[in-house]
Amino acid sequence: MKDKKKSGALLGAAFLMATSAIGPGFLTQTATFTGSLGASFGFVILVSLLMSAIAQVNIWRVLCVSGKRGQDVANNLLGGLGYLLAALIALGGLAFNIGNVGGGALGFNALFGIPDKIGCVIAGLLAIVIFLSKQAKSIVDQVVKYLGAVMIVVILVVVFITKPPVGDALKNTFVPSAEMGSLFPAILTLLGGTVGGYITFAGAHRLIDAGVTGEENLGEVNRSSVMGICIAAIVRVLLFLAILGVVTKFAGINLSTPAENAGIVDAALSTDYKGISNPAAYAFLVGAGNVAYRFAGLVILCAALTSIIGAAYTSVSFLKTFHPSIAKNENWWIIGFIAFSTLVMVILGGAAKLLVLAGAVNGLILPISLGVCLIAAKNKKVMGEHYQHPTWMWVLGLIVVVVSAYVGIKSFSSGIMNLFA
């Protein structure tokens with residue numbers, strides 16, 4: 001029974017990480033960048049996934065071997081650093097979660113035609129219901145697995161319908177036709193959306209809560225970490241191919257502003273859906289019709305719910321550092337976090353833009369969080385006297401820190417803030 005519980009925690013951690021990454025922002029980012037970069041977006045996916053895997057394996061290894069959460073590792077290195085890291089990640093998680101709630105509204109709108117504000121409230125309430133249970137963590141493990149599987153199946157069906165140019169996508173994945181400078185904002189955003197901010201800590205903190213720590217569990221921790229990245233990679237690639245089929249068939253289509261597409265796609269379709277502000281759902285609609293549009297709503301809704309759960313759970317796990325009462329009343333803090341995110345989204349609106357921007361902001365947090373873990377990996381006070389962090393893994397991690405910091409600064413200086421204005 002103990003092994004079964006441990007296996008459930010390992011699988012749950014992988015899916016919690018993956019489905020935290022596969023949020024509505026993930027879907028919106030993929031649709032937006034596939035529309036603007038075409039097949040060259042395959043190169044962006046490849047680079048971001050390699051960097052994500054390196055970052056995640058390093059961070060999970062340090063946290064799970066030490067048995068300490070990210071903020072505690074940072075505080076062990078330098079007093080107060082953990083509080084800064086916790087504040088940055090919690091704020092980044094809040095930005096994502098506000099967008100995730102808005103993503104839930106996008107899903108409900110595409111699926112049932114429910115108005116955005118009502119959809120936000122329903123999405124928030126559904127996530128809150130889970131944390132009202134005393135068995136919330138076990139329920140989370142199950143929910144993220146099943147909803148994640150639904151997303152993969154639905155997107156795979158749409159890939160077969162849209163018939164993307166796989167050969168062209170494969171070629172551009174290794175030799176992109178787009179200018180390298182134009183790929184920087186997309187790399188930053190995808191990196192932030194896959195392992196930026198709170199996301200890379202989601203699964204590791206779940207394993208720590210489940211007691212899967214120490215060097216004796218290192219092999220299983222590594223497998224769970226890589227599994228999480230692979231799940232996210234499968235969904236990203238399938239979604240990219242599905243949308244690439246659409247933008248290839250309808251050259252010049254603008255997924256972000258359907259009203260501009262009269263004459264490119266069927267006129268009636270353009271008129272009926274000209275007010276839509278949901279790039280991923282619109283791509284499904286154009287590529288595979290009304291049924292696929294409803295399917296897109298289901299995918300976005302599943303993505304939103306799992307990401308709301310992951311963002312709230314992980315962000316509050318960082319806030320535990322600030323006061324013991326937060327740890328004691330963890331579920332109520334998570335509920336409050338979700339409720340506040342929902343309230344802000346109902347007032348603000350504009351989910352699609354916020355989701356893309358949140359990914360970029362969290363990408364800027366990654367160099368800090370990964371850098372802290374790399375320093376900790378060589379610190380015996382944190383890791384113990386006998387632990388040896390693989391040199392090759394440490395060096396690759398350092399490269400990711402430098403590259404992600406450079407790409408982040410470069411992207412913002414070249415105007416990422418105005419890309420989606």
# chains A, B, ... in the order shown; residues from 1 in each chain; ligands from 1
$ residues_around --residues "segment 46-51 of chain A" --least-positions-apart "2" --cutoff "7 Å" --atoms "only C-alpha atoms" --output "count of residues only"
12
$ residues_around --residues "Cys64 of chain A" --least-positions-apart "3" --cutoff "8 Å" --atoms "only C-alpha atoms" --output "ChimeraX atom specification"
/A:60-61,67-68,204,207-208,212-214,218,221
$ write_last_selection --atoms "all heavy atoms" --output "PDB file, in the first residue's frame"
ATOM      1  N   TRP A  60      14.481  19.934  -9.243  1.00  0.00           N
ATOM      2  CA  TRP A  60      13.853  18.825  -8.516  1.00  0.00           C
ATOM      3  C   TRP A  60      14.890  18.032  -7.726  1.00  0.00           C
ATOM      4  O   TRP A  60      14.631  17.585  -6.611  1.00  0.00           O
ATOM      5  CB  TRP A  60      13.126  17.890  -9.488  1.00  0.00           C
ATOM      6  CG  TRP A  60      11.800  18.390  -9.947  1.00  0.00           C
ATOM      7  CD1 TRP A  60      11.454  19.667 -10.252  1.00  0.00           C
ATOM      8  CD2 TRP A  60      10.622  17.603 -10.179  1.00  0.00           C
ATOM      9  NE1 TRP A  60      10.140  19.727 -10.663  1.00  0.00           N
ATOM     10  CE2 TRP A  60       9.613  18.479 -10.627  1.00  0.00           C
ATOM     11  CE3 TRP A  60      10.336  16.249 -10.066  1.00  0.00           C
ATOM     12  CZ2 TRP A  60       8.330  18.037 -10.948  1.00  0.00           C
ATOM     13  CZ3 TRP A  60       9.061  15.796 -10.395  1.00  0.00           C
ATOM     14  CH2 TRP A  60       8.071  16.689 -10.817  1.00  0.00           C
ATOM     15  N   ARG A  61      16.048  17.822  -8.319  1.00  0.00           N
ATOM     16  CA  ARG A  61      17.099  17.042  -7.665  1.00  0.00           C
ATOM     17  C   ARG A  61      17.536  17.717  -6.364  1.00  0.00           C
ATOM     18  O   ARG A  61      17.637  17.076  -5.316  1.00  0.00           O
ATOM     19  CB  ARG A  61      18.285  16.899  -8.632  1.00  0.00           C
ATOM     20  CG  ARG A  61      19.319  15.881  -8.208  1.00  0.00           C
ATOM     21  CD  ARG A  61      20.427  15.809  -9.247  1.00  0.00           C
ATOM     22  NE  ARG A  61      21.428  14.833  -8.876  1.00  0.00           N
ATOM     23  CZ  ARG A  61      21.497  13.598  -9.370  1.00  0.00           C
ATOM     24  NH1 ARG A  61      20.622  13.196 -10.269  1.00  0.00           N
ATOM     25  NH2 ARG A  61      22.449  12.772  -8.971  1.00  0.00           N
ATOM     26  N   GLY A  67      15.188  17.689   0.763  1.00  0.00           N
ATOM     27  CA  GLY A  67      13.923  17.635   1.494  1.00  0.00           C
ATOM     28  C   GLY A  67      13.400  19.010   1.854  1.00  0.00           C
ATOM     29  O   GLY A  67      12.492  19.147   2.679  1.00  0.00           O
ATOM     30  N   LYS A  68      13.950  20.045   1.225  1.00  0.00           N
ATOM     31  CA  LYS A  68      13.563  21.429   1.530  1.00  0.00           C
ATOM     32  C   LYS A  68      12.863  22.057   0.338  1.00  0.00           C
ATOM     33  O   LYS A  68      13.251  21.842  -0.808  1.00  0.00           O
ATOM     34  CB  LYS A  68      14.803  22.262   1.877  1.00  0.00           C
ATOM     35  CG  LYS A  68      15.575  21.793   3.106  1.00  0.00           C
ATOM     36  CD  LYS A  68      16.782  22.684   3.334  1.00  0.00           C
ATOM     37  CE  LYS A  68      17.516  22.338   4.626  1.00  0.00           C
ATOM     38  NZ  LYS A  68      18.212  21.044   4.568  1.00  0.00           N
ATOM     39  N   ALA A 204       7.898  19.153  -7.500  1.00  0.00           N
ATOM     40  CA  ALA A 204       8.882  18.908  -6.442  1.00  0.00           C
ATOM     41  C   ALA A 204       8.280  19.158  -5.066  1.00  0.00           C
ATOM     42  O   ALA A 204       8.492  18.371  -4.127  1.00  0.00           O
ATOM     43  CB  ALA A 204      10.105  19.809  -6.660  1.00  0.00           C
ATOM     44  N   LEU A 207       6.092  16.264  -4.139  1.00  0.00           N
ATOM     45  CA  LEU A 207       6.854  15.097  -3.680  1.00  0.00           C
ATOM     46  C   LEU A 207       7.360  15.294  -2.248  1.00  0.00           C
ATOM     47  O   LEU A 207       7.358  14.351  -1.446  1.00  0.00           O
ATOM     48  CB  LEU A 207       8.038  14.832  -4.619  1.00  0.00           C
ATOM     49  CG  LEU A 207       7.689  14.312  -6.013  1.00  0.00           C
ATOM     50  CD1 LEU A 207       8.959  14.097  -6.831  1.00  0.00           C
ATOM     51  CD2 LEU A 207       6.898  13.004  -5.929  1.00  0.00           C
ATOM     52  N   ILE A 208       7.782  16.516  -1.933  1.00  0.00           N
ATOM     53  CA  ILE A 208       8.230  16.799  -0.558  1.00  0.00           C
ATOM     54  C   ILE A 208       7.072  16.614   0.416  1.00  0.00           C
ATOM     55  O   ILE A 208       7.230  16.020   1.485  1.00  0.00           O
ATOM     56  CB  ILE A 208       8.814  18.230  -0.472  1.00  0.00           C
ATOM     57  CG1 ILE A 208      10.141  18.293  -1.243  1.00  0.00           C
ATOM     58  CG2 ILE A 208       9.022  18.649   0.986  1.00  0.00           C
ATOM     59  CD1 ILE A 208      10.699  19.687  -1.403  1.00  0.00           C
ATOM     60  N   VAL A 212       8.607  11.957  -0.390  1.00  0.00           N
ATOM     61  CA  VAL A 212       9.503  11.304  -1.355  1.00  0.00           C
ATOM     62  C   VAL A 212      10.758  12.166  -1.474  1.00  0.00           C
ATOM     63  O   VAL A 212      10.903  12.975  -2.390  1.00  0.00           O
ATOM     64  CB  VAL A 212       8.821  11.125  -2.734  1.00  0.00           C
ATOM     65  CG1 VAL A 212       9.726  10.347  -3.683  1.00  0.00           C
ATOM     66  CG2 VAL A 212       7.484  10.419  -2.585  1.00  0.00           C
ATOM     67  N   THR A 213      11.678  11.983  -0.525  1.00  0.00           N
ATOM     68  CA  THR A 213      12.879  12.810  -0.448  1.00  0.00           C
ATOM     69  C   THR A 213      14.100  11.947  -0.163  1.00  0.00           C
ATOM     70  O   THR A 213      13.982  10.753   0.115  1.00  0.00           O
ATOM     71  CB  THR A 213      12.739  13.877   0.658  1.00  0.00           C
ATOM     72  OG1 THR A 213      12.468  13.215   1.908  1.00  0.00           O
ATOM     73  CG2 THR A 213      11.597  14.837   0.362  1.00  0.00           C
ATOM     74  N   GLY A 214      15.271  12.573  -0.215  1.00  0.00           N
ATOM     75  CA  GLY A 214      16.514  11.865   0.088  1.00  0.00           C
ATOM     76  C   GLY A 214      17.128  11.218  -1.149  1.00  0.00           C
ATOM     77  O   GLY A 214      16.459  10.975  -2.148  1.00  0.00           O
ATOM     78  N   LEU A 218      16.225   9.256  -5.414  1.00  0.00           N
ATOM     79  CA  LEU A 218      16.669  10.131  -6.493  1.00  0.00           C
ATOM     80  C   LEU A 218      16.287   9.624  -7.880  1.00  0.00           C
ATOM     81  O   LEU A 218      15.862  10.394  -8.742  1.00  0.00           O
ATOM     82  CB  LEU A 218      18.187  10.316  -6.417  1.00  0.00           C
ATOM     83  CG  LEU A 218      18.789  11.473  -7.215  1.00  0.00           C
ATOM     84  CD1 LEU A 218      18.063  12.777  -6.954  1.00  0.00           C
ATOM     85  CD2 LEU A 218      20.272  11.623  -6.869  1.00  0.00           C
ATOM     86  N   VAL A 221      12.644  10.307  -8.445  1.00  0.00           N
ATOM     87  CA  VAL A 221      12.432  11.750  -8.587  1.00  0.00           C
ATOM     88  C   VAL A 221      12.810  12.200 -10.003  1.00  0.00           C
ATOM     89  O   VAL A 221      12.080  12.959 -10.633  1.00  0.00           O
ATOM     90  CB  VAL A 221      13.262  12.528  -7.536  1.00  0.00           C
ATOM     91  CG1 VAL A 221      13.275  14.030  -7.855  1.00  0.00           C
ATOM     92  CG2 VAL A 221      12.699  12.295  -6.136  1.00  0.00           C
TER      93      VAL A 221
END
$ select_by_dssp --residues "segment 140-330 of chain A" --states "helix (DSSP H, G or I)" --output "PyMOL selection string"
chain A and resi 140-162+166-174+180-195+199-209+215-249+258-261+267-272+279-319+324-328+330
$ residues_around --residues "Leu63 of chain A" --least-positions-apart "2" --cutoff "12 Å" --atoms "only C-alpha atoms" --output "VMD selection string"
chain A and resid 56 to 61 65 to 74 200 to 209 211 to 215 217 to 218 221 to 222 225 369 to 370 372 to 374 376 to 377 382 to 383
$ write_last_selection --atoms "C-alpha atoms" --output "CSV table (one decimal), in the first residue's frame"
chain,number,residue,atom,x,y,z
A,56,GLN,CA,13.6,21.0,-14.0
A,57,VAL,CA,16.0,18.1,-13.4
A,58,ASN,CA,18.4,20.4,-11.5
A,59,ILE,CA,15.7,22.0,-9.4
A,60,TRP,CA,13.9,18.8,-8.5
A,61,ARG,CA,17.1,17.0,-7.7
A,65,VAL,CA,17.4,15.3,-2.1
A,66,SER,CA,17.6,18.1,0.5
A,67,GLY,CA,13.9,17.6,1.5
A,68,LYS,CA,13.6,21.4,1.5
A,69,ARG,CA,11.2,23.6,-0.5
A,70,GLY,CA,12.6,26.2,-2.8
A,71,GLN,CA,12.3,29.1,-0.4
A,72,ASP,CA,13.9,27.1,2.5
A,73,VAL,CA,16.9,26.2,0.3
A,74,ALA,CA,17.3,29.9,-0.6
A,200,THR,CA,9.0,23.9,-12.0
A,201,PHE,CA,8.5,23.8,-8.3
A,202,ALA,CA,4.9,22.4,-8.5
A,203,GLY,CA,5.8,18.7,-8.7
A,204,ALA,CA,8.9,18.9,-6.4
A,205,HIS,CA,6.9,20.5,-3.6
A,206,ARG,CA,4.2,17.8,-4.1
A,207,LEU,CA,6.9,15.1,-3.7
A,208,ILE,CA,8.2,16.8,-0.6
A,209,ASP,CA,4.7,16.9,0.9
A,211,GLY,CA,7.7,12.4,1.8
A,212,VAL,CA,9.5,11.3,-1.4
A,213,THR,CA,12.9,12.8,-0.4
A,214,GLY,CA,16.5,11.9,0.1
A,215,GLU,CA,19.2,10.3,-2.2
A,217,ASN,CA,14.6,8.2,-4.0
A,218,LEU,CA,16.7,10.1,-6.5
A,221,VAL,CA,12.4,11.7,-8.6
A,222,ASN,CA,14.4,12.1,-11.8
A,225,SER,CA,10.6,15.1,-13.4
A,369,SER,CA,15.2,30.3,-9.0
A,370,LEU,CA,17.5,28.0,-11.0
A,372,VAL,CA,19.7,29.6,-6.4
A,373,CYS,CA,19.3,25.8,-6.8
A,374,LEU,CA,22.7,25.5,-8.6
A,376,ALA,CA,22.7,25.2,-3.3
A,377,ALA,CA,23.8,22.0,-5.2
A,382,VAL,CA,21.9,22.4,2.3
A,383,MET,CA,22.6,19.0,0.5
$ closest_residue --among "A:Ile89, A:Val166, A:Leu188, A:Met227" --to "Ser404 of chain A" --atoms "only C-alpha atoms"
A:Leu188
